[in-house]
$ cat coords21.cif   # mmCIF, N, CA and C atoms
data_entry
loop_
_atom_site.label_atom_id
_atom_site.label_comp_id
_atom_site.auth_asym_id
_atom_site.auth_seq_id
_atom_site.Cartn_x
_atom_site.Cartn_y
_atom_site.Cartn_z
N MET A 1 -87.47 2.40 90.16
CA MET A 1 -87.46 3.02 88.85
C MET A 1 -87.22 4.53 89.02
N SER A 2 -86.23 5.04 88.35
CA SER A 2 -85.91 6.46 88.39
C SER A 2 -86.19 7.10 87.04
N LEU A 3 -86.32 8.40 87.08
CA LEU A 3 -86.47 9.19 85.86
C LEU A 3 -85.15 9.88 85.56
N PHE A 4 -84.73 9.85 84.32
CA PHE A 4 -83.55 10.57 83.86
C PHE A 4 -83.98 11.53 82.75
N THR A 5 -83.33 12.68 82.70
CA THR A 5 -83.68 13.74 81.76
C THR A 5 -82.54 13.93 80.78
N VAL A 6 -82.87 13.95 79.49
CA VAL A 6 -81.88 14.20 78.43
C VAL A 6 -82.37 15.40 77.63
N LEU A 7 -81.58 16.47 77.65
CA LEU A 7 -81.96 17.72 76.98
C LEU A 7 -80.93 18.10 75.91
N SER A 8 -81.43 18.62 74.81
CA SER A 8 -80.57 19.10 73.72
C SER A 8 -81.01 20.50 73.34
N GLY A 9 -80.02 21.33 73.06
CA GLY A 9 -80.27 22.73 72.76
C GLY A 9 -80.40 23.04 71.29
N PRO A 10 -80.14 24.32 70.95
CA PRO A 10 -80.44 24.83 69.62
C PRO A 10 -79.69 24.11 68.50
N ASN A 11 -80.42 23.97 67.42
CA ASN A 11 -79.96 23.41 66.15
C ASN A 11 -79.74 21.90 66.17
N LEU A 12 -79.88 21.28 67.32
CA LEU A 12 -79.68 19.82 67.37
C LEU A 12 -80.85 19.08 66.74
N ASN A 13 -81.95 19.77 66.50
CA ASN A 13 -83.05 19.19 65.73
C ASN A 13 -82.64 18.96 64.27
N LEU A 14 -81.55 19.58 63.84
CA LEU A 14 -81.07 19.44 62.46
C LEU A 14 -79.98 18.39 62.31
N LEU A 15 -79.74 17.61 63.36
CA LEU A 15 -78.72 16.56 63.25
C LEU A 15 -79.03 15.66 62.05
N GLY A 16 -77.98 15.26 61.36
CA GLY A 16 -78.12 14.43 60.17
C GLY A 16 -78.22 15.26 58.90
N GLN A 17 -78.55 16.54 59.05
CA GLN A 17 -78.69 17.43 57.91
C GLN A 17 -77.66 18.57 57.97
N ARG A 18 -77.38 19.05 59.16
CA ARG A 18 -76.53 20.23 59.36
C ARG A 18 -75.08 19.82 59.58
N GLN A 19 -74.19 20.27 58.75
CA GLN A 19 -72.76 20.05 58.88
C GLN A 19 -72.42 18.60 59.28
N PRO A 20 -72.78 17.63 58.45
CA PRO A 20 -72.51 16.24 58.80
C PRO A 20 -71.03 15.92 58.97
N GLU A 21 -70.16 16.74 58.38
CA GLU A 21 -68.72 16.52 58.56
C GLU A 21 -68.30 16.79 60.00
N ILE A 22 -69.10 17.55 60.74
CA ILE A 22 -68.84 17.81 62.15
C ILE A 22 -69.74 16.96 63.04
N TYR A 23 -71.02 16.90 62.71
CA TYR A 23 -72.01 16.29 63.60
C TYR A 23 -72.48 14.91 63.17
N GLY A 24 -72.05 14.44 62.02
CA GLY A 24 -72.42 13.11 61.56
C GLY A 24 -73.78 13.07 60.87
N TYR A 25 -74.20 11.86 60.56
CA TYR A 25 -75.45 11.66 59.82
C TYR A 25 -76.58 11.13 60.70
N GLU A 26 -76.28 10.80 61.94
CA GLU A 26 -77.33 10.34 62.84
C GLU A 26 -78.23 11.52 63.19
N THR A 27 -79.46 11.20 63.53
CA THR A 27 -80.46 12.23 63.83
C THR A 27 -80.74 12.28 65.33
N LEU A 28 -81.46 13.29 65.73
CA LEU A 28 -81.88 13.39 67.12
C LEU A 28 -82.77 12.20 67.49
N ALA A 29 -83.58 11.74 66.53
CA ALA A 29 -84.41 10.55 66.76
C ALA A 29 -83.54 9.33 67.04
N ASP A 30 -82.40 9.22 66.37
CA ASP A 30 -81.47 8.11 66.63
C ASP A 30 -80.93 8.18 68.06
N ILE A 31 -80.62 9.40 68.51
CA ILE A 31 -80.12 9.57 69.88
C ILE A 31 -81.21 9.18 70.87
N GLU A 32 -82.42 9.65 70.64
CA GLU A 32 -83.51 9.32 71.55
C GLU A 32 -83.75 7.82 71.61
N LYS A 33 -83.73 7.18 70.47
CA LYS A 33 -83.94 5.72 70.42
C LYS A 33 -82.87 5.00 71.24
N ALA A 34 -81.61 5.39 71.08
CA ALA A 34 -80.51 4.76 71.82
C ALA A 34 -80.65 5.00 73.32
N CYS A 35 -81.00 6.22 73.69
CA CYS A 35 -81.15 6.54 75.11
C CYS A 35 -82.34 5.80 75.72
N ARG A 36 -83.44 5.70 75.00
CA ARG A 36 -84.60 4.97 75.51
C ARG A 36 -84.28 3.49 75.70
N LYS A 37 -83.50 2.93 74.79
CA LYS A 37 -83.10 1.53 74.90
C LYS A 37 -82.29 1.31 76.18
N ILE A 38 -81.37 2.22 76.47
CA ILE A 38 -80.54 2.12 77.68
C ILE A 38 -81.41 2.26 78.92
N ALA A 39 -82.27 3.27 78.94
CA ALA A 39 -83.13 3.49 80.11
C ALA A 39 -84.08 2.31 80.31
N ASP A 40 -84.71 1.84 79.25
CA ASP A 40 -85.64 0.71 79.35
C ASP A 40 -84.94 -0.54 79.87
N ALA A 41 -83.74 -0.83 79.36
CA ALA A 41 -83.01 -2.02 79.77
C ALA A 41 -82.67 -1.98 81.26
N ALA A 42 -82.49 -0.77 81.78
CA ALA A 42 -82.16 -0.62 83.21
C ALA A 42 -83.40 -0.41 84.07
N GLY A 43 -84.58 -0.41 83.43
CA GLY A 43 -85.83 -0.26 84.17
C GLY A 43 -86.13 1.16 84.62
N HIS A 44 -85.68 2.14 83.84
CA HIS A 44 -85.88 3.54 84.21
C HIS A 44 -86.71 4.27 83.16
N ASP A 45 -87.28 5.40 83.58
CA ASP A 45 -88.02 6.28 82.68
C ASP A 45 -87.08 7.34 82.13
N LEU A 46 -87.48 7.91 81.00
CA LEU A 46 -86.65 8.91 80.34
C LEU A 46 -87.52 10.06 79.85
N PHE A 47 -87.11 11.27 80.16
CA PHE A 47 -87.68 12.46 79.54
C PHE A 47 -86.63 12.96 78.57
N PHE A 48 -86.98 13.03 77.29
CA PHE A 48 -86.05 13.42 76.23
C PHE A 48 -86.67 14.58 75.48
N ALA A 49 -85.93 15.70 75.39
CA ALA A 49 -86.49 16.87 74.72
C ALA A 49 -85.39 17.72 74.10
N GLN A 50 -85.78 18.48 73.08
CA GLN A 50 -84.87 19.41 72.39
C GLN A 50 -85.62 20.71 72.18
N SER A 51 -84.89 21.82 72.31
CA SER A 51 -85.49 23.11 72.00
C SER A 51 -84.43 24.08 71.48
N ASN A 52 -84.89 24.96 70.62
CA ASN A 52 -84.07 26.06 70.16
C ASN A 52 -84.26 27.29 71.05
N ARG A 53 -85.11 27.14 72.08
CA ARG A 53 -85.46 28.25 72.96
C ARG A 53 -84.86 28.05 74.34
N GLU A 54 -84.08 29.01 74.77
CA GLU A 54 -83.41 28.93 76.06
C GLU A 54 -84.41 28.74 77.20
N TYR A 55 -85.50 29.48 77.18
CA TYR A 55 -86.47 29.40 78.28
C TYR A 55 -87.08 28.01 78.42
N GLU A 56 -87.28 27.29 77.30
CA GLU A 56 -87.83 25.94 77.40
C GLU A 56 -86.85 25.00 78.09
N LEU A 57 -85.57 25.11 77.75
CA LEU A 57 -84.57 24.28 78.42
C LEU A 57 -84.56 24.58 79.91
N ILE A 58 -84.64 25.84 80.27
CA ILE A 58 -84.67 26.24 81.68
C ILE A 58 -85.91 25.67 82.36
N ASP A 59 -87.06 25.78 81.71
CA ASP A 59 -88.29 25.23 82.29
C ASP A 59 -88.18 23.72 82.51
N TRP A 60 -87.59 22.99 81.57
CA TRP A 60 -87.43 21.54 81.74
C TRP A 60 -86.47 21.21 82.87
N ILE A 61 -85.42 22.01 83.01
CA ILE A 61 -84.51 21.80 84.14
C ILE A 61 -85.24 22.03 85.45
N HIS A 62 -86.04 23.09 85.53
CA HIS A 62 -86.83 23.35 86.74
C HIS A 62 -87.79 22.20 87.02
N GLU A 63 -88.45 21.70 85.98
CA GLU A 63 -89.40 20.59 86.15
C GLU A 63 -88.70 19.32 86.62
N ALA A 64 -87.42 19.16 86.31
CA ALA A 64 -86.67 17.96 86.71
C ALA A 64 -86.34 17.97 88.21
N ARG A 65 -86.39 19.15 88.83
CA ARG A 65 -86.05 19.25 90.26
C ARG A 65 -86.99 18.37 91.07
N GLY A 66 -86.38 17.54 91.91
CA GLY A 66 -87.17 16.65 92.76
C GLY A 66 -87.78 15.46 92.06
N LYS A 67 -87.61 15.36 90.75
CA LYS A 67 -88.19 14.25 89.98
C LYS A 67 -87.14 13.39 89.30
N SER A 68 -86.12 14.05 88.74
CA SER A 68 -85.15 13.36 87.91
C SER A 68 -83.90 13.00 88.72
N ALA A 69 -83.37 11.81 88.47
CA ALA A 69 -82.16 11.35 89.15
C ALA A 69 -80.90 11.89 88.50
N GLY A 70 -81.04 12.59 87.38
CA GLY A 70 -79.89 13.17 86.71
C GLY A 70 -80.27 13.75 85.37
N ILE A 71 -79.44 14.69 84.93
CA ILE A 71 -79.66 15.35 83.63
C ILE A 71 -78.43 15.15 82.75
N VAL A 72 -78.69 14.73 81.52
CA VAL A 72 -77.70 14.76 80.45
C VAL A 72 -78.11 15.95 79.60
N ILE A 73 -77.18 16.88 79.38
CA ILE A 73 -77.53 18.07 78.60
C ILE A 73 -76.46 18.41 77.58
N ASN A 74 -76.93 18.59 76.35
CA ASN A 74 -76.11 19.17 75.29
C ASN A 74 -76.73 20.53 75.03
N PRO A 75 -76.17 21.58 75.63
CA PRO A 75 -76.78 22.90 75.49
C PRO A 75 -76.54 23.56 74.14
N GLY A 76 -75.81 22.90 73.24
CA GLY A 76 -75.53 23.51 71.95
C GLY A 76 -74.81 24.83 72.16
N ALA A 77 -75.14 25.82 71.37
CA ALA A 77 -74.48 27.12 71.45
C ALA A 77 -74.72 27.83 72.79
N PHE A 78 -75.78 27.44 73.51
CA PHE A 78 -76.02 28.04 74.83
C PHE A 78 -74.90 27.68 75.82
N THR A 79 -74.14 26.65 75.50
CA THR A 79 -72.99 26.27 76.32
C THR A 79 -72.10 27.47 76.61
N HIS A 80 -71.90 28.27 75.60
CA HIS A 80 -70.90 29.34 75.62
C HIS A 80 -71.49 30.69 76.01
N THR A 81 -72.81 30.75 76.19
CA THR A 81 -73.45 32.05 76.40
C THR A 81 -74.42 32.12 77.58
N SER A 82 -74.92 30.99 78.06
CA SER A 82 -76.08 31.05 78.95
C SER A 82 -75.76 30.89 80.43
N VAL A 83 -75.71 32.02 81.09
CA VAL A 83 -75.64 32.02 82.55
C VAL A 83 -76.99 31.56 83.10
N ALA A 84 -78.07 31.83 82.39
CA ALA A 84 -79.41 31.44 82.83
C ALA A 84 -79.54 29.91 82.92
N ILE A 85 -79.00 29.18 81.96
CA ILE A 85 -79.03 27.72 82.03
C ILE A 85 -78.14 27.24 83.16
N LEU A 86 -76.99 27.85 83.33
CA LEU A 86 -76.13 27.51 84.47
C LEU A 86 -76.87 27.71 85.79
N ASP A 87 -77.54 28.84 85.95
CA ASP A 87 -78.29 29.10 87.18
C ASP A 87 -79.38 28.05 87.42
N ALA A 88 -80.07 27.66 86.36
CA ALA A 88 -81.10 26.62 86.49
C ALA A 88 -80.47 25.30 86.91
N LEU A 89 -79.35 24.93 86.30
CA LEU A 89 -78.67 23.69 86.67
C LEU A 89 -78.15 23.74 88.09
N ASN A 90 -77.72 24.91 88.54
CA ASN A 90 -77.25 25.06 89.93
C ASN A 90 -78.38 24.85 90.93
N ALA A 91 -79.61 25.04 90.50
CA ALA A 91 -80.77 24.83 91.38
C ALA A 91 -81.28 23.39 91.32
N PHE A 92 -80.67 22.57 90.46
CA PHE A 92 -81.02 21.15 90.33
C PHE A 92 -80.13 20.34 91.25
N GLU A 93 -80.71 19.47 92.06
CA GLU A 93 -79.98 18.81 93.14
C GLU A 93 -79.19 17.57 92.72
N ALA A 94 -79.54 16.95 91.62
CA ALA A 94 -78.91 15.68 91.22
C ALA A 94 -77.77 15.94 90.21
N PRO A 95 -77.05 14.87 89.83
CA PRO A 95 -75.92 15.03 88.92
C PRO A 95 -76.31 15.52 87.52
N VAL A 96 -75.37 16.22 86.90
CA VAL A 96 -75.50 16.74 85.54
C VAL A 96 -74.27 16.32 84.75
N ILE A 97 -74.49 15.81 83.55
CA ILE A 97 -73.40 15.50 82.64
C ILE A 97 -73.62 16.32 81.37
N GLU A 98 -72.59 17.05 80.99
CA GLU A 98 -72.62 17.88 79.78
C GLU A 98 -72.10 17.05 78.61
N VAL A 99 -72.78 17.13 77.47
CA VAL A 99 -72.41 16.35 76.30
C VAL A 99 -72.26 17.27 75.09
N HIS A 100 -71.26 16.98 74.27
CA HIS A 100 -71.09 17.64 72.98
C HIS A 100 -70.71 16.58 71.96
N ILE A 101 -71.37 16.60 70.83
CA ILE A 101 -71.12 15.62 69.78
C ILE A 101 -69.71 15.80 69.21
N SER A 102 -69.33 17.04 68.97
CA SER A 102 -67.98 17.33 68.47
C SER A 102 -67.07 17.66 69.65
N ASN A 103 -65.79 17.65 69.40
CA ASN A 103 -64.83 18.06 70.42
C ASN A 103 -64.72 19.58 70.37
N ILE A 104 -65.42 20.25 71.28
CA ILE A 104 -65.47 21.71 71.26
C ILE A 104 -64.10 22.34 71.46
N HIS A 105 -63.16 21.60 72.00
CA HIS A 105 -61.82 22.14 72.25
C HIS A 105 -60.92 22.12 71.01
N LYS A 106 -61.39 21.47 69.96
CA LYS A 106 -60.66 21.45 68.69
C LYS A 106 -61.30 22.38 67.67
N ARG A 107 -62.27 23.16 68.13
CA ARG A 107 -63.00 24.04 67.22
C ARG A 107 -62.65 25.50 67.51
N GLU A 108 -63.48 26.41 67.09
CA GLU A 108 -63.21 27.84 67.26
C GLU A 108 -62.99 28.15 68.74
N VAL A 109 -62.15 29.14 69.00
CA VAL A 109 -61.77 29.49 70.36
C VAL A 109 -62.99 29.83 71.22
N PHE A 110 -63.98 30.52 70.65
CA PHE A 110 -65.15 30.89 71.46
C PHE A 110 -65.89 29.67 71.98
N ARG A 111 -65.71 28.51 71.37
CA ARG A 111 -66.39 27.29 71.83
C ARG A 111 -65.64 26.61 72.97
N HIS A 112 -64.47 27.06 73.31
CA HIS A 112 -63.68 26.42 74.35
C HIS A 112 -64.21 26.69 75.75
N HIS A 113 -64.94 27.76 75.93
CA HIS A 113 -65.49 28.08 77.26
C HIS A 113 -66.91 27.56 77.40
N SER A 114 -67.18 26.91 78.52
CA SER A 114 -68.52 26.42 78.82
C SER A 114 -68.96 26.89 80.19
N TYR A 115 -70.09 27.58 80.23
CA TYR A 115 -70.69 27.92 81.52
C TYR A 115 -71.20 26.66 82.21
N VAL A 116 -71.75 25.74 81.45
CA VAL A 116 -72.34 24.52 82.00
C VAL A 116 -71.30 23.65 82.69
N SER A 117 -70.08 23.64 82.17
CA SER A 117 -69.04 22.80 82.75
C SER A 117 -68.76 23.11 84.21
N THR A 118 -69.00 24.34 84.63
CA THR A 118 -68.76 24.69 86.03
C THR A 118 -69.75 24.00 86.96
N ARG A 119 -70.86 23.49 86.42
CA ARG A 119 -71.85 22.76 87.21
C ARG A 119 -71.78 21.25 86.99
N ALA A 120 -71.38 20.85 85.82
CA ALA A 120 -71.44 19.43 85.44
C ALA A 120 -70.44 18.59 86.22
N GLU A 121 -70.87 17.39 86.60
CA GLU A 121 -69.97 16.42 87.23
C GLU A 121 -68.98 15.86 86.21
N GLY A 122 -69.41 15.84 84.96
CA GLY A 122 -68.55 15.33 83.89
C GLY A 122 -68.92 15.96 82.57
N VAL A 123 -67.97 15.91 81.65
CA VAL A 123 -68.17 16.43 80.30
C VAL A 123 -67.73 15.37 79.31
N VAL A 124 -68.59 15.08 78.34
CA VAL A 124 -68.26 14.15 77.27
C VAL A 124 -68.28 14.94 75.97
N ALA A 125 -67.15 15.00 75.30
CA ALA A 125 -67.05 15.77 74.06
C ALA A 125 -66.29 14.98 73.01
N GLY A 126 -66.82 15.00 71.79
CA GLY A 126 -66.10 14.42 70.67
C GLY A 126 -66.37 12.95 70.42
N LEU A 127 -67.35 12.37 71.11
CA LEU A 127 -67.65 10.94 70.89
C LEU A 127 -68.87 10.75 69.99
N ASP A 128 -69.18 11.76 69.20
CA ASP A 128 -70.36 11.72 68.33
C ASP A 128 -71.61 11.52 69.20
N ILE A 129 -72.62 10.85 68.66
CA ILE A 129 -73.85 10.70 69.44
C ILE A 129 -73.67 9.70 70.59
N GLU A 130 -72.61 8.90 70.55
CA GLU A 130 -72.35 7.97 71.64
C GLU A 130 -72.12 8.68 72.96
N GLY A 131 -71.76 9.95 72.90
CA GLY A 131 -71.56 10.71 74.12
C GLY A 131 -72.80 10.74 74.99
N TYR A 132 -73.97 10.83 74.36
CA TYR A 132 -75.22 10.80 75.11
C TYR A 132 -75.37 9.45 75.83
N GLU A 133 -75.04 8.38 75.14
CA GLU A 133 -75.16 7.04 75.73
C GLU A 133 -74.20 6.86 76.90
N VAL A 134 -72.97 7.31 76.72
CA VAL A 134 -71.96 7.22 77.79
C VAL A 134 -72.45 7.99 79.01
N ALA A 135 -72.94 9.19 78.80
CA ALA A 135 -73.41 10.03 79.91
C ALA A 135 -74.60 9.39 80.62
N LEU A 136 -75.57 8.89 79.86
CA LEU A 136 -76.75 8.29 80.48
C LEU A 136 -76.38 7.01 81.24
N ARG A 137 -75.52 6.19 80.67
CA ARG A 137 -75.08 4.97 81.38
C ARG A 137 -74.38 5.34 82.69
N HIS A 138 -73.57 6.38 82.65
CA HIS A 138 -72.88 6.82 83.86
C HIS A 138 -73.89 7.25 84.93
N LEU A 139 -74.87 8.05 84.56
CA LEU A 139 -75.86 8.50 85.55
C LEU A 139 -76.66 7.33 86.11
N ILE A 140 -77.04 6.40 85.26
CA ILE A 140 -77.80 5.23 85.72
C ILE A 140 -76.93 4.39 86.67
N GLY A 141 -75.69 4.18 86.31
CA GLY A 141 -74.78 3.42 87.18
C GLY A 141 -74.55 4.11 88.50
N ARG A 142 -74.36 5.39 88.46
CA ARG A 142 -74.16 6.17 89.68
C ARG A 142 -75.39 6.09 90.58
N SER A 143 -76.56 6.20 89.98
CA SER A 143 -77.81 6.11 90.74
C SER A 143 -77.96 4.75 91.39
N SER A 144 -77.59 3.71 90.67
CA SER A 144 -77.68 2.34 91.22
C SER A 144 -76.72 2.13 92.38
N ARG A 145 -75.53 2.70 92.27
CA ARG A 145 -74.55 2.55 93.35
C ARG A 145 -74.96 3.30 94.60
N GLN A 146 -75.72 4.37 94.44
CA GLN A 146 -76.14 5.19 95.59
C GLN A 146 -77.42 4.66 96.22
N ALA A 147 -78.11 3.78 95.53
CA ALA A 147 -79.40 3.25 96.04
C ALA A 147 -79.20 2.26 97.17
#
$ encode --input "coords21.cif" --output "structure tokens"
Amino acid sequence: MSLFTVLSGPNLNLLGQRQPEIYGYETLADIEKACRKIADAAGHDLFFAQSNREYELIDWIHEARGKSAGIVINPGAFTHTSVAILDALNAFEAPVIEVHISNIHKREVFRHHSYVSTRAEGVVAGLDIEGYEVALRHLIGRSSRQA
């Protein structure tokens, strides 16, 4: 049994309410439920958290070191601004998958750059909340193949 970490950044607590034409009507609770179902079916534990505070995301990444078999992270707007989150992810030894609900490359130019992408093994963008599921399934599969 492995532990997997799923982190979401600022404003993702407002999913289902904030700009549904971009982010849809599903909520963060819906994402957590789907991820827990995947982890449970594969016999794994899941740490799922969201914060609007950069330092909390960094603390959770640090806590995952040596414990988590992989991180799925949607850094939200910190994607484009946070060298600190990148540095924390660089200190994490296991795989990282970056997730975005919308296709950031079809949006404003400032959203096209991601600090996190330079660390992530993969990036899932534009698959709505299913991106979290795709990323978690990938990490679980990868972990199983390496075991």
$ select_by_dssp --input "coords21.cif" --residues "chain A" --states "strand (DSSP E)" --output "PyMOL selection string"
chain A and resi 3-8+45-50+68-74+96-100+122-125
$ atom_distance --input "coords21.cif" --atom1 "CA of Phe4 (chain A)" --atom2 "CA of Ala94 (chain A)"
10.1 Å
$ closest_atom_pairs --input "coords21.cif" --of "region 87-145 of chain A" --to "region 62-67 of chain A" --cutoff "6.5 Å" --atoms "only N, CA and C atoms" --output "JSON lines"
{"residue": "A:Ala88", "atom": "CA", "partner": "A:His62", "partner_atom": "N", "distance": 6.1}
{"residue": "A:Ala91", "atom": "C", "partner": "A:Arg65", "partner_atom": "CA", "distance": 6.4}
{"residue": "A:Phe92", "atom": "CA", "partner": "A:Arg65", "partner_atom": "CA", "distance": 5.4}
{"residue": "A:Glu93", "atom": "N", "partner": "A:Arg65", "partner_atom": "CA", "distance": 5.6}
$ write_last_selection --input "coords21.cif" --atoms "N, CA and C atoms" --output "mmCIF file, keeping the file's coordinate frame"
data_model
loop_
_atom_site.group_PDB
_atom_site.id
_atom_site.type_symbol
_atom_site.label_atom_id
_atom_site.label_comp_id
_atom_site.auth_asym_id
_atom_site.auth_seq_id
_atom_site.Cartn_x
_atom_site.Cartn_y
_atom_site.Cartn_z
ATOM 1 N N ALA A 88 -80.070 27.660 86.360
ATOM 2 C CA ALA A 88 -81.100 26.620 86.490
ATOM 3 C C ALA A 88 -80.470 25.300 86.910
ATOM 4 N N ALA A 91 -79.610 25.040 90.500
ATOM 5 C CA ALA A 91 -80.770 24.830 91.380
ATOM 6 C C ALA A 91 -81.280 23.390 91.320
ATOM 7 N N PHE A 92 -80.670 22.570 90.460
ATOM 8 C CA PHE A 92 -81.020 21.150 90.330
ATOM 9 C C PHE A 92 -80.130 20.340 91.250
ATOM 10 N N GLU A 93 -80.710 19.470 92.060
ATOM 11 C CA GLU A 93 -79.980 18.810 93.140
ATOM 12 C C GLU A 93 -79.190 17.570 92.720
#
$ residues_around --input "coords21.cif" --residues "region 45-52 of chain A" --least-positions-apart "4" --cutoff "6 Å" --atoms "all atoms listed in the file" --output "list in words"
Met1, Ser2, Leu3, Phe4, Thr5, Val6, Leu7, Ser8, Gly9, Pro10, Asn11 and Ala39 of chain A
$ atom_distance --input "coords21.cif" --atom1 "atom N of Arg36 (chain A)" --atom2 "atom N of His113 (chain A)"
28.8 Å
$ residues_around --input "coords21.cif" --residues "region 23-26 of chain A" --least-positions-apart "3" --cutoff "8 Å" --atoms "only C-alpha atoms" --output "ChimeraX atom specification"
/A:15-20,30-31,101-102,128-129
$ resolve_selection --input "coords21.cif" --expression "the PyMOL selection byres (((chain A and resi 98 and name CA) around 9) and name CA)" --output "PyMOL selection string"
chain A and resi 71-75+96-97+99-100+116-117+119-125+132+135
$ atom_distance --input "coords21.cif" --atom1 "atom C of Leu12 (chain A)" --atom2 "atom N of Arg53 (chain A)"
10.6 Å
$ select_by_dssp --input "coords21.cif" --residues "region 76-125 of chain A" --states "alpha helix (DSSP H)" --output "PDB file with N, CA and C atoms, in the coordinates of the input"
ATOM      1  N   VAL A  83     -75.710  32.020  81.090  1.00  0.00           N
ATOM      2  CA  VAL A  83     -75.640  32.020  82.550  1.00  0.00           C
ATOM      3  C   VAL A  83     -76.990  31.560  83.100  1.00  0.00           C
ATOM      4  N   ALA A  84     -78.070  31.830  82.390  1.00  0.00           N
ATOM      5  CA  ALA A  84     -79.410  31.440  82.830  1.00  0.00           C
ATOM      6  C   ALA A  84     -79.540  29.910  82.920  1.00  0.00           C
ATOM      7  N   ILE A  85     -79.000  29.180  81.960  1.00  0.00           N
ATOM      8  CA  ILE A  85     -79.030  27.720  82.030  1.00  0.00           C
ATOM      9  C   ILE A  85     -78.140  27.240  83.160  1.00  0.00           C
ATOM     10  N   LEU A  86     -76.990  27.850  83.330  1.00  0.00           N
ATOM     11  CA  LEU A  86     -76.130  27.510  84.470  1.00  0.00           C
ATOM     12  C   LEU A  86     -76.870  27.710  85.790  1.00  0.00           C
ATOM     13  N   ASP A  87     -77.540  28.840  85.950  1.00  0.00           N
ATOM     14  CA  ASP A  87     -78.290  29.100  87.180  1.00  0.00           C
ATOM     15  C   ASP A  87     -79.380  28.050  87.420  1.00  0.00           C
ATOM     16  N   ALA A  88     -80.070  27.660  86.360  1.00  0.00           N
ATOM     17  CA  ALA A  88     -81.100  26.620  86.490  1.00  0.00           C
ATOM     18  C   ALA A  88     -80.470  25.300  86.910  1.00  0.00           C
ATOM     19  N   LEU A  89     -79.350  24.930  86.300  1.00  0.00           N
ATOM     20  CA  LEU A  89     -78.670  23.690  86.670  1.00  0.00           C
ATOM     21  C   LEU A  89     -78.150  23.740  88.090  1.00  0.00           C
ATOM     22  N   ASN A  90     -77.720  24.910  88.540  1.00  0.00           N
ATOM     23  CA  ASN A  90     -77.250  25.060  89.930  1.00  0.00           C
ATOM     24  C   ASN A  90     -78.380  24.850  90.930  1.00  0.00           C
TER      25      ASN A  90
END
